[in-house]
>>> print(open('input25.txt').read())   # compact mmCIF, C-alpha atoms and all ligand atoms
# COMPACT_ATOMS: atom_id res chain seq x y z
CA MET A 147 0.00 0.00 0.00
CA VAL A 148 1.24 3.52 -0.78
CA PHE A 149 0.40 6.74 1.11
CA PRO A 150 0.81 9.86 -1.07
CA ARG A 151 0.97 13.10 0.95
CA ASP A 152 -0.01 15.56 -1.74
CA GLU A 153 -1.78 15.61 -5.08
CA GLU A 154 1.44 15.39 -7.09
CA GLU A 155 2.45 12.17 -5.30
CA LEU A 156 -1.10 10.82 -5.67
CA LEU A 157 -1.21 11.38 -9.45
CA GLU A 158 2.23 9.75 -9.74
CA GLN A 159 0.80 6.55 -8.21
CA LEU A 160 -2.39 6.25 -10.29
CA ASP A 161 -2.07 3.74 -13.15
CA GLU A 162 -3.83 0.67 -14.59
CA ASN A 163 -2.71 -1.49 -11.63
CA SER A 164 -3.83 0.83 -8.83
CA ILE A 165 -7.00 1.31 -6.81
CA ILE A 166 -7.76 4.23 -4.49
CA LEU A 167 -8.59 3.50 -0.85
CA ASN A 168 -10.56 6.38 0.67
CA GLY A 169 -12.72 5.59 3.73
CA GLY A 170 -12.46 1.90 2.81
CA THR A 171 -16.09 1.04 3.71
CA ASP A 172 -16.83 -0.37 0.24
CA ILE A 173 -13.34 -1.59 -0.64
CA MET A 174 -12.94 -3.64 2.54
CA VAL A 175 -16.22 -5.47 1.84
CA ARG A 176 -15.30 -5.97 -1.84
CA ASN A 177 -11.87 -7.29 -0.86
CA ARG A 178 -13.45 -9.82 1.52
CA VAL A 179 -16.15 -10.96 -0.93
CA LYS A 180 -14.32 -11.16 -4.26
CA GLY A 181 -10.86 -9.64 -3.87
CA LEU A 182 -9.54 -6.47 -5.48
CA ASN A 183 -8.62 -6.39 -9.12
CA ALA A 184 -5.50 -4.29 -8.46
CA SER A 185 -1.92 -4.90 -7.35
CA LYS A 186 -1.39 -1.45 -5.78
CA ILE A 187 -3.61 0.17 -3.17
CA VAL A 188 -3.26 3.96 -3.08
CA SER A 189 -4.49 5.14 0.32
CA LEU A 190 -5.72 8.74 0.66
CA ASP A 191 -5.14 8.55 4.40
CA LYS A 192 -2.10 10.85 4.53
CA LEU A 193 -3.26 13.22 1.78
CA GLN A 194 -3.24 16.76 3.20
CA ASP A 195 -6.06 19.32 3.08
CA MET A 196 -8.53 17.15 1.24
CA ASP A 197 -11.32 16.91 3.81
CA LYS A 198 -12.96 20.32 3.54
CA ILE A 199 -16.23 21.86 2.44
CA ILE A 200 -15.59 25.18 0.69
CA ASP A 201 -18.27 27.84 0.23
CA GLU A 202 -17.72 29.22 -3.28
CA GLY A 203 -20.60 31.73 -3.26
CA ASP A 204 -23.12 30.20 -5.64
CA ALA A 205 -22.02 26.63 -4.90
CA ILE A 206 -20.25 24.51 -2.31
CA ARG A 207 -17.31 22.26 -3.06
CA ILE A 208 -16.84 19.05 -1.09
CA LEU A 209 -13.26 17.73 -1.31
CA ALA A 210 -12.55 14.03 -1.88
CA LYS A 211 -11.73 12.91 1.68
CA THR A 212 -14.61 14.69 3.43
CA THR A 213 -16.53 12.11 5.46
CA TYR A 214 -20.30 11.86 5.84
CA SER A 215 -20.02 12.96 9.48
CA GLN A 216 -18.15 16.12 8.43
CA ILE A 217 -20.86 16.88 5.86
CA LEU A 218 -23.60 16.35 8.45
CA SER A 219 -22.02 18.84 10.86
CA ASN A 220 -21.44 21.55 8.22
CA LYS A 221 -23.66 24.64 8.80
CA THR A 222 -24.12 25.54 5.10
CA VAL A 223 -25.14 21.98 4.27
CA GLN A 224 -27.59 22.02 7.19
CA GLN A 225 -29.17 25.26 5.96
CA LEU A 226 -29.21 24.77 2.19
CA PHE A 227 -29.06 21.06 1.46
CA PRO A 228 -31.52 19.18 3.69
CA ILE A 229 -31.66 16.41 1.06
CA LEU A 230 -27.95 15.69 1.61
CA GLN A 231 -28.57 15.48 5.36
CA MET A 232 -31.64 13.24 4.92
CA THR A 233 -29.85 10.76 2.66
CA ILE A 234 -26.58 10.67 4.63
CA ARG A 235 -28.38 10.06 7.92
CA GLU A 236 -29.70 6.84 6.35
CA ILE A 237 -26.23 5.56 5.42
CA GLY A 238 -24.91 2.68 7.54
CA SER A 239 -24.02 3.43 11.16
CA THR A 240 -22.11 6.22 12.91
CA GLN A 241 -18.87 4.25 12.36
CA ILE A 242 -19.57 3.99 8.62
CA ARG A 243 -20.43 7.71 8.43
CA ASN A 244 -17.21 8.58 10.29
CA ARG A 245 -15.15 6.85 7.59
CA GLY A 246 -17.28 6.76 4.41
CA THR A 247 -17.10 9.54 1.82
CA LEU A 248 -19.33 10.94 -0.88
CA THR A 249 -16.62 10.43 -3.52
CA GLY A 250 -16.40 6.75 -2.52
CA ASN A 251 -20.18 6.44 -2.84
CA ILE A 252 -19.99 8.03 -6.31
CA VAL A 253 -17.17 5.85 -7.69
CA ASN A 254 -18.76 2.75 -6.17
CA ALA A 255 -21.66 3.60 -8.53
CA SER A 256 -24.33 1.51 -6.85
CA PRO A 257 -27.93 2.18 -7.96
CA ALA A 258 -28.71 2.04 -4.22
CA GLY A 259 -26.19 4.78 -3.34
CA ASP A 260 -28.02 7.18 -1.03
CA GLY A 261 -25.48 10.01 -1.30
CA VAL A 262 -25.53 9.61 -5.07
CA LEU A 263 -29.33 10.04 -5.12
CA ALA A 264 -29.01 13.39 -3.36
CA LEU A 265 -26.35 14.47 -5.88
CA TYR A 266 -28.63 13.59 -8.83
CA LEU A 267 -31.33 15.82 -7.32
CA LEU A 268 -28.86 18.63 -6.68
CA ASP A 269 -27.42 18.52 -10.25
CA ALA A 270 -23.94 18.02 -8.78
CA LEU A 271 -20.77 18.32 -10.85
CA LEU A 272 -17.65 16.24 -10.32
CA VAL A 273 -14.16 17.63 -10.71
CA ILE A 274 -11.93 14.89 -12.11
CA ARG A 275 -8.18 15.41 -12.04
CA SER A 276 -5.21 13.66 -13.66
CA LYS A 277 -1.64 14.57 -14.62
CA GLU A 278 -3.09 16.03 -17.83
CA GLY A 279 -5.32 18.49 -15.96
CA GLU A 280 -8.91 18.79 -14.86
CA ARG A 281 -12.35 18.10 -16.31
CA THR A 282 -15.82 18.68 -14.89
CA VAL A 283 -18.55 16.10 -15.44
CA ARG A 284 -22.23 16.02 -14.43
CA ILE A 285 -22.98 13.24 -11.97
CA ASP A 286 -25.49 11.58 -14.34
CA ASN A 287 -22.90 11.54 -17.14
CA PHE A 288 -20.26 10.11 -14.82
CA ILE A 289 -22.12 7.05 -13.54
CA LYS A 290 -22.59 4.55 -16.39
CA GLY A 291 -23.98 1.46 -14.63
CA PRO A 292 -23.52 -0.65 -11.51
CA GLY A 293 -19.86 -0.22 -10.49
CA ASN A 294 -19.11 1.48 -13.80
CA THR A 295 -18.08 5.13 -14.17
CA ALA A 296 -16.43 7.47 -16.68
CA LEU A 297 -13.23 7.54 -14.58
CA GLU A 298 -10.20 6.83 -16.77
CA VAL A 299 -6.83 5.32 -15.78
CA GLY A 300 -4.75 8.00 -14.02
CA GLU A 301 -7.78 10.02 -12.88
CA TYR A 302 -9.38 10.57 -9.48
CA VAL A 303 -12.39 12.48 -8.18
CA HIS A 304 -10.96 15.64 -6.63
CA SER A 305 -14.24 17.24 -5.48
CA VAL A 306 -17.98 17.52 -5.81
CA ILE A 307 -19.54 20.87 -6.69
CA ILE A 308 -23.14 21.45 -5.62
CA PRO A 309 -24.96 24.57 -6.85
CA LYS A 310 -26.87 26.28 -4.05
CA CYS A 311 -30.62 25.77 -4.19
CA SER A 312 -33.52 27.94 -3.06
CA LYS A 313 -34.07 28.24 0.68
CA HIS A 314 -37.82 27.93 0.02
CA ALA A 315 -37.69 24.49 -1.59
CA ALA A 316 -39.10 21.47 0.25
CA HIS A 317 -36.87 18.38 0.45
CA TYR A 318 -38.09 14.79 0.82
CA PHE A 319 -36.35 11.40 1.07
CA LYS A 320 -37.54 7.93 1.90
CA LYS A 321 -35.99 4.51 1.41
CA VAL A 322 -37.49 1.09 1.82
CA GLY A 323 -35.20 -1.76 2.85
CA GLN A 324 -35.61 -5.30 4.13
CA ARG A 325 -34.67 -4.24 7.65
CA LYS A 326 -35.21 -1.01 9.53
CA ALA A 327 -31.53 -0.10 9.97
CA MET A 328 -28.31 -0.48 7.91
CA ALA A 329 -30.20 -1.93 4.94
CA ILE A 330 -29.41 -1.63 1.26
CA SER A 331 -32.59 -0.20 -0.20
CA ILE A 332 -35.19 -2.14 -2.18
CA ALA A 333 -36.22 1.23 -3.57
CA SER A 334 -35.69 4.84 -2.58
CA MET A 335 -37.05 8.18 -3.70
CA GLY A 336 -36.01 11.75 -3.12
CA ALA A 337 -37.53 15.02 -4.25
CA ILE A 338 -36.93 18.75 -4.11
CA TYR A 339 -39.90 20.95 -4.95
CA THR A 340 -41.36 24.41 -4.62
CA LEU A 341 -45.07 25.14 -4.37
CA LYS A 342 -46.85 28.39 -5.21
CA LYS A 343 -50.47 28.66 -4.04
CA ASP A 344 -50.36 24.89 -3.48
CA MET A 345 -49.31 24.20 -7.09
CA PHE A 346 -45.97 22.77 -8.24
CA LEU A 347 -43.72 25.59 -9.42
CA ASN A 348 -40.96 23.03 -9.92
CA LEU A 349 -40.17 19.46 -8.98
CA LYS A 350 -37.04 17.33 -9.09
CA MET A 351 -37.51 13.64 -8.37
CA ALA A 352 -35.01 10.77 -8.32
CA PHE A 353 -35.27 7.04 -7.61
CA GLY A 354 -32.67 4.59 -6.32
CA SER A 355 -32.47 0.78 -6.76
CA VAL A 356 -35.02 0.66 -9.57
CA ALA A 357 -32.69 0.84 -12.61
CA PRO A 358 -28.98 0.17 -13.33
CA THR A 359 -28.17 3.64 -11.97
CA VAL A 360 -29.98 6.19 -9.82
CA ILE A 361 -32.45 7.89 -12.18
CA ARG A 362 -34.08 11.31 -12.43
CA ALA A 363 -37.82 11.05 -13.23
CA ASP A 364 -37.84 13.66 -16.03
CA GLU A 365 -41.36 12.89 -17.22
CA ILE A 366 -42.85 13.09 -13.73
CA GLU A 367 -40.99 16.35 -13.12
CA ALA A 368 -42.48 17.87 -16.29
CA MET A 369 -45.97 16.48 -15.64
CA ALA A 370 -46.16 17.93 -12.13
CA LEU A 371 -45.69 21.56 -13.16
CA GLY A 372 -48.86 23.53 -12.43
CA MET A 373 -50.56 20.54 -10.79
CA GLU A 374 -52.01 20.92 -7.31
CA PHE A 375 -50.32 19.32 -4.33
CA ASN A 376 -53.25 17.02 -3.54
CA GLU A 377 -54.44 13.41 -3.55
CA THR A 378 -55.42 13.40 -7.23
CA THR A 379 -51.95 14.53 -8.29
CA ALA A 380 -50.40 12.00 -5.91
CA THR A 381 -52.32 9.16 -7.60
CA ILE A 382 -51.42 10.34 -11.13
CA LEU A 383 -47.70 10.75 -10.36
CA SER A 384 -47.60 7.48 -8.45
CA GLN A 385 -49.02 5.60 -11.49
CA LYS A 386 -46.47 7.32 -13.71
CA ALA A 387 -43.66 6.30 -11.32
CA LYS A 388 -44.62 2.62 -11.67
CA GLN A 389 -44.33 2.95 -15.46
CA THR A 390 -41.11 4.96 -15.31
CA VAL A 391 -38.92 2.70 -13.18
CA LYS A 392 -37.17 -0.31 -14.72
CA PRO A 393 -36.16 -2.49 -11.79
CA ILE A 394 -34.61 -5.93 -11.84
CA SER A 395 -35.53 -8.85 -9.60
CA ASP A 396 -32.80 -9.90 -7.18
CA VAL A 397 -32.38 -11.53 -3.77
CA ARG A 398 -33.83 -8.49 -2.03
CA ALA A 399 -37.05 -8.01 -4.04
CA SER A 400 -38.85 -8.81 -7.29
CA SER A 401 -39.16 -6.30 -10.12
CA GLU A 402 -42.98 -6.07 -9.65
CA TYR A 403 -42.62 -5.41 -5.93
CA ARG A 404 -40.06 -2.67 -6.57
CA LYS A 405 -42.47 -0.96 -9.01
CA GLU A 406 -45.21 -1.01 -6.37
CA VAL A 407 -42.80 0.41 -3.80
CA ALA A 408 -41.76 3.20 -6.20
CA GLY A 409 -45.42 4.15 -6.64
CA ASN A 410 -46.01 4.10 -2.89
CA LEU A 411 -42.94 6.25 -2.28
CA VAL A 412 -44.50 8.95 -4.47
CA LEU A 413 -47.79 8.70 -2.55
CA GLY A 414 -45.78 9.06 0.68
CA MET A 415 -44.45 12.45 -0.40
CA PHE A 416 -48.00 13.85 -0.37
CA GLU A 417 -48.92 12.59 3.13
C1 LIG B 501 -22.21 -1.79 6.94
C2 LIG B 501 -22.31 -0.88 5.74
C3 LIG B 501 -23.49 -0.19 5.53
C4 LIG B 501 -23.61 0.66 4.42
N1 LIG B 501 -24.81 1.32 4.22
C5 LIG B 501 -24.94 2.11 3.14
C6 LIG B 501 -26.17 2.79 2.90
O1 LIG B 501 -27.14 2.68 3.66
N2 LIG B 501 -26.26 3.57 1.78
C7 LIG B 501 -25.21 3.72 0.92
O2 LIG B 501 -25.34 4.45 -0.06
N3 LIG B 501 -24.03 3.09 1.12
C8 LIG B 501 -23.87 2.29 2.20
N4 LIG B 501 -22.69 1.65 2.41
C9 LIG B 501 -21.61 1.78 1.40
C10 LIG B 501 -20.46 2.79 1.70
O3 LIG B 501 -20.40 3.17 3.04
C11 LIG B 501 -20.49 4.00 0.82
O4 LIG B 501 -20.57 3.67 -0.56
C12 LIG B 501 -19.27 4.93 1.06
O5 LIG B 501 -19.70 6.19 0.67
C13 LIG B 501 -17.97 4.60 0.32
O6 LIG B 501 -17.00 5.60 0.63
P1 LIG B 501 -15.52 5.22 1.08
O7 LIG B 501 -14.77 6.47 1.26
O8 LIG B 501 -15.55 4.27 2.23
O9 LIG B 501 -15.05 4.46 -0.25
P2 LIG B 501 -13.92 3.36 -0.46
O10 LIG B 501 -14.40 2.04 0.05
O11 LIG B 501 -12.60 3.83 0.01
O12 LIG B 501 -13.92 3.34 -2.06
C14 LIG B 501 -15.06 2.97 -2.81
C15 LIG B 501 -14.71 3.03 -4.30
O13 LIG B 501 -14.48 4.37 -4.69
C16 LIG B 501 -13.16 4.55 -5.18
N5 LIG B 501 -12.76 5.89 -4.71
C17 LIG B 501 -12.93 6.40 -3.47
N6 LIG B 501 -12.60 7.69 -3.44
C18 LIG B 501 -12.20 8.00 -4.69
C19 LIG B 501 -11.74 9.22 -5.31
N7 LIG B 501 -11.66 10.38 -4.63
N8 LIG B 501 -11.42 9.19 -6.62
C20 LIG B 501 -11.52 8.05 -7.34
N9 LIG B 501 -11.94 6.88 -6.81
C21 LIG B 501 -12.30 6.87 -5.51
C22 LIG B 501 -12.35 3.40 -4.63
O14 LIG B 501 -11.24 3.09 -5.43
C23 LIG B 501 -13.42 2.30 -4.65
O15 LIG B 501 -13.54 1.78 -5.94
C24 LIG B 501 -22.52 0.80 3.51
C25 LIG B 501 -21.33 0.10 3.74
C26 LIG B 501 -21.21 -0.73 4.84
C27 LIG B 501 -19.92 -1.48 5.06
>>> encode(input="input25.txt", output="structure tokens", more="lines below")
Ligand SMILES: Cc1cc2nc3c(=O)[nH]c(=O)nc-3n(C[C@H](O)[C@H](O)[C@H](O)COP(=O)(O)OP(=O)(O)OC[C@H]3O[C@@H](n4cnc5c(N)ncnc54)[C@H](O)[C@@H]3O)c2cc1C
Amino acid sequence: MVFPRDEEELLEQLDENSIILNGGTDIMVRNRVKGLNASKIVSLDKLQDMDKIIDEGDAIRILAKTTYSQILSNKTVQQLFPILQMTIREIGSTQIRNRGTLTGNIVNASPAGDGVLALYLLDALLVIRSKEGERTVRIDNFIKGPGNTALEVGEYVHSVIIPKCSKHAAHYFKKVGQRKAMAISIASMGAIYTLKKDMFLNLKMAFGSVAPTVIRADEIEAMALGMEFNETTATILSQKAKQTVKPISDVRASSEYRKEVAGNLVLGMFE
């Protein structure tokens, strides 16, 4: 294992044989279950000044090593990004949140990633760095499928940029798992919306665990505009959700059950 101390040393170590170890909460499990497909582990443990949240005016920037617990205790996040708080509070246990990072959740690219779902709703951008320089990619363009991302050899995720959203927006998140605590979700749904005179002025909605990646429900978002926040709208959008999601059947739940759950999650937002 190697322990780069600054970005230059880190970039020197990244090649086709290396894998980054950040909080280790996914990698340790993967190593135990199927082993790591890499001969060199590049730990971020000694990397300096990479666990900060920076207020950049119209956005915040979360650096690669920032843990979930650090995000939860950040005042700006508490005020402006309730959805990030709601999703992170559902991740694992305190121990997991003390070690796990948002960048690890992103590169792990699970359709059940709770932090990832918040980032889809917040239209987050990822800053990817390599020896050649820097590129910025939208979260939904970065995640390609389960465990599959647009990260190239020699690159790492330097930071996550989240544009600030309106203080007046309502935030909602719910996940359904097999157990009450520490469960990988069967389905999850998050939304950010603003109402004017009880009508949807805007709506962002995303689902987890019902497709190969987290998905934004574009059609539902468009449909909701101008509709009243009431039972009739809840029923219409819930039906649409069941048609929109494309879940698989696996050991946790069948495809049909997941569709039902997705519909019920939409109904839940209106309760
Ligand atoms: C008991 C338990 C419960 C859990 N519960 C949940 C849950 O409820 N919801 C949920 O979403 N997740 C859950 N997780 C999964 C996990 O905690 C998260 O995915 C976590 O965010 C991973 O972050 P990490 O820093 O530990 O990543 P690591 O394990 O260090 O790395 C994960 C992957 O990301 C890569 N990586 C990490 N950082 C970078 C970077 N900056 N640049 C490039 N590549 C990088 C690594 O190479 C690796 O491929 C759980 C895990 C455990 C063990």
>>> closest_residue(input="input25.txt", among="A:Thr340, A:Thr249, A:Asn163, A:Ser215", to="Glu374 of chain A", atoms="all atoms listed in the file")
A:Thr340
>>> residues_near_ligand(input="input25.txt", ligand="ligand LIG 501 (chain B)", cutoff="8 Å", atoms="only C-alpha atoms and all ligand atoms", output="count of residues only")
49
>>> axis_aligned_box(input="input25.txt", around="segment 397-400 of chain A", padding_each_side="5 Å", output="AutoDock Vina command-line options")
--center_x -35.6 --center_y -9.8 --center_z -4.7 --size_x 16.5 --size_y 13.5 --size_z 15.3
>>> residues_around(input="input25.txt", residues="Leu371 of chain A", least_positions_apart="6", cutoff="12 Å", atoms="only C-alpha atoms", output="list in words")
Tyr339, Thr340, Leu341, Lys342, Asp344, Met345, Phe346, Leu347, Asn348, Leu349, Lys350, Asp364, Glu365, Thr379 and Leu383 of chain A
>>> atom_distance(input="input25.txt", atom1="atom CA of Gln385 of chain A", atom2="atom CA of Val356 of chain A")
15.0 Å
>>> atom_distance(input="input25.txt", atom1="atom CA of Gly203 of chain A", atom2="atom CA of Glu367 of chain A")
27.4 Å
>>> atom_distance(input="input25.txt", atom1="atom CA of Gly414 of chain A", atom2="atom CA of Tyr318 of chain A")
9.6 Å
>>> closest_residue(input="input25.txt", among="A:Arg207, A:Phe319, A:Leu230, A:Glu162", to="Lys186 of chain A", atoms="only C-alpha atoms")
A:Glu162
>>> closest_residue(input="input25.txt", among="A:Glu154, A:Asp269, A:Glu417, A:Glu402", to="Ala205 of chain A", atoms="all atoms listed in the file")
A:Asp269
>>> closest_residue(input="input25.txt", among="A:Leu157, A:Ala316, A:Ile332, A:Ala368", to="Glu280 of chain A", atoms="all atoms listed in the file")
A:Leu157
>>> closest_residue(input="input25.txt", among="A:Val188, A:Leu218, A:Leu263, A:Val299", to="Lys320 of chain A", atoms="all atoms listed in the file")
A:Leu263
>>> closest_residue(input="input25.txt", among="A:Lys386, A:Lys180, A:Lys277, A:Lys221", to="Ile206 of chain A", atoms="only C-alpha atoms")
A:Lys221
>>> residues_around(input="input25.txt", residues="Ser384 of chain A", least_positions_apart="3", cutoff="8 Å", atoms="all atoms listed in the file", output="ChimeraX atom specification")
/A:380-381,387-388,408-413
>>> build_atoms(input="input25.txt", residues="segment 345-367 of chain A", atoms="N, CA and C atoms", output="compact mmCIF listing (two decimals), in the coordinates of the input")
# COMPACT_ATOMS: atom_id res chain seq x y z
N MET A 345 -49.57 24.84 -5.80
CA MET A 345 -49.31 24.20 -7.09
C MET A 345 -47.80 24.06 -7.29
N PHE A 346 -47.40 22.99 -8.00
CA PHE A 346 -45.97 22.77 -8.24
C PHE A 346 -45.40 23.85 -9.16
N LEU A 347 -44.46 24.62 -8.60
CA LEU A 347 -43.72 25.59 -9.42
C LEU A 347 -42.56 24.87 -10.08
N ASN A 348 -41.97 23.93 -9.35
CA ASN A 348 -40.96 23.03 -9.92
C ASN A 348 -40.86 21.78 -9.05
N LEU A 349 -40.35 20.72 -9.69
CA LEU A 349 -40.17 19.46 -8.98
C LEU A 349 -38.97 18.74 -9.56
N LYS A 350 -38.11 18.25 -8.67
CA LYS A 350 -37.04 17.33 -9.09
C LYS A 350 -37.29 16.04 -8.32
N MET A 351 -37.25 14.92 -9.03
CA MET A 351 -37.51 13.64 -8.37
C MET A 351 -36.50 12.61 -8.85
N ALA A 352 -35.97 11.82 -7.93
CA ALA A 352 -35.01 10.77 -8.32
C ALA A 352 -35.33 9.47 -7.56
N PHE A 353 -35.04 8.35 -8.22
CA PHE A 353 -35.27 7.04 -7.61
C PHE A 353 -33.96 6.28 -7.52
N GLY A 354 -33.81 5.48 -6.46
CA GLY A 354 -32.67 4.59 -6.32
C GLY A 354 -33.12 3.14 -6.32
N SER A 355 -32.25 2.24 -6.77
CA SER A 355 -32.47 0.78 -6.76
C SER A 355 -33.58 0.30 -7.69
N VAL A 356 -33.96 1.11 -8.67
CA VAL A 356 -35.02 0.66 -9.57
C VAL A 356 -34.58 0.70 -11.04
N ALA A 357 -33.27 0.80 -11.27
CA ALA A 357 -32.69 0.84 -12.61
C ALA A 357 -31.18 0.60 -12.43
N PRO A 358 -30.42 0.42 -13.50
CA PRO A 358 -28.98 0.17 -13.33
C PRO A 358 -28.22 1.31 -12.63
N THR A 359 -28.77 2.51 -12.70
CA THR A 359 -28.17 3.64 -11.97
C THR A 359 -29.31 4.35 -11.22
N VAL A 360 -28.96 5.26 -10.33
CA VAL A 360 -29.98 6.19 -9.82
C VAL A 360 -30.55 6.90 -11.04
N ILE A 361 -31.86 7.19 -11.02
CA ILE A 361 -32.45 7.89 -12.18
C ILE A 361 -33.21 9.14 -11.74
N ARG A 362 -33.20 10.16 -12.60
CA ARG A 362 -34.08 11.31 -12.43
C ARG A 362 -35.36 11.01 -13.20
N ALA A 363 -36.53 11.34 -12.60
CA ALA A 363 -37.82 11.05 -13.23
C ALA A 363 -38.25 12.26 -14.05
N ASP A 364 -37.60 12.46 -15.21
CA ASP A 364 -37.84 13.66 -16.03
C ASP A 364 -39.31 13.86 -16.39
N GLU A 365 -39.97 12.75 -16.77
CA GLU A 365 -41.36 12.89 -17.22
C GLU A 365 -42.28 13.30 -16.07
N ILE A 366 -42.03 12.72 -14.90
CA ILE A 366 -42.85 13.09 -13.73
C ILE A 366 -42.61 14.55 -13.37
N GLU A 367 -41.35 14.96 -13.45
CA GLU A 367 -40.99 16.35 -13.12
C GLU A 367 -41.75 17.33 -14.03
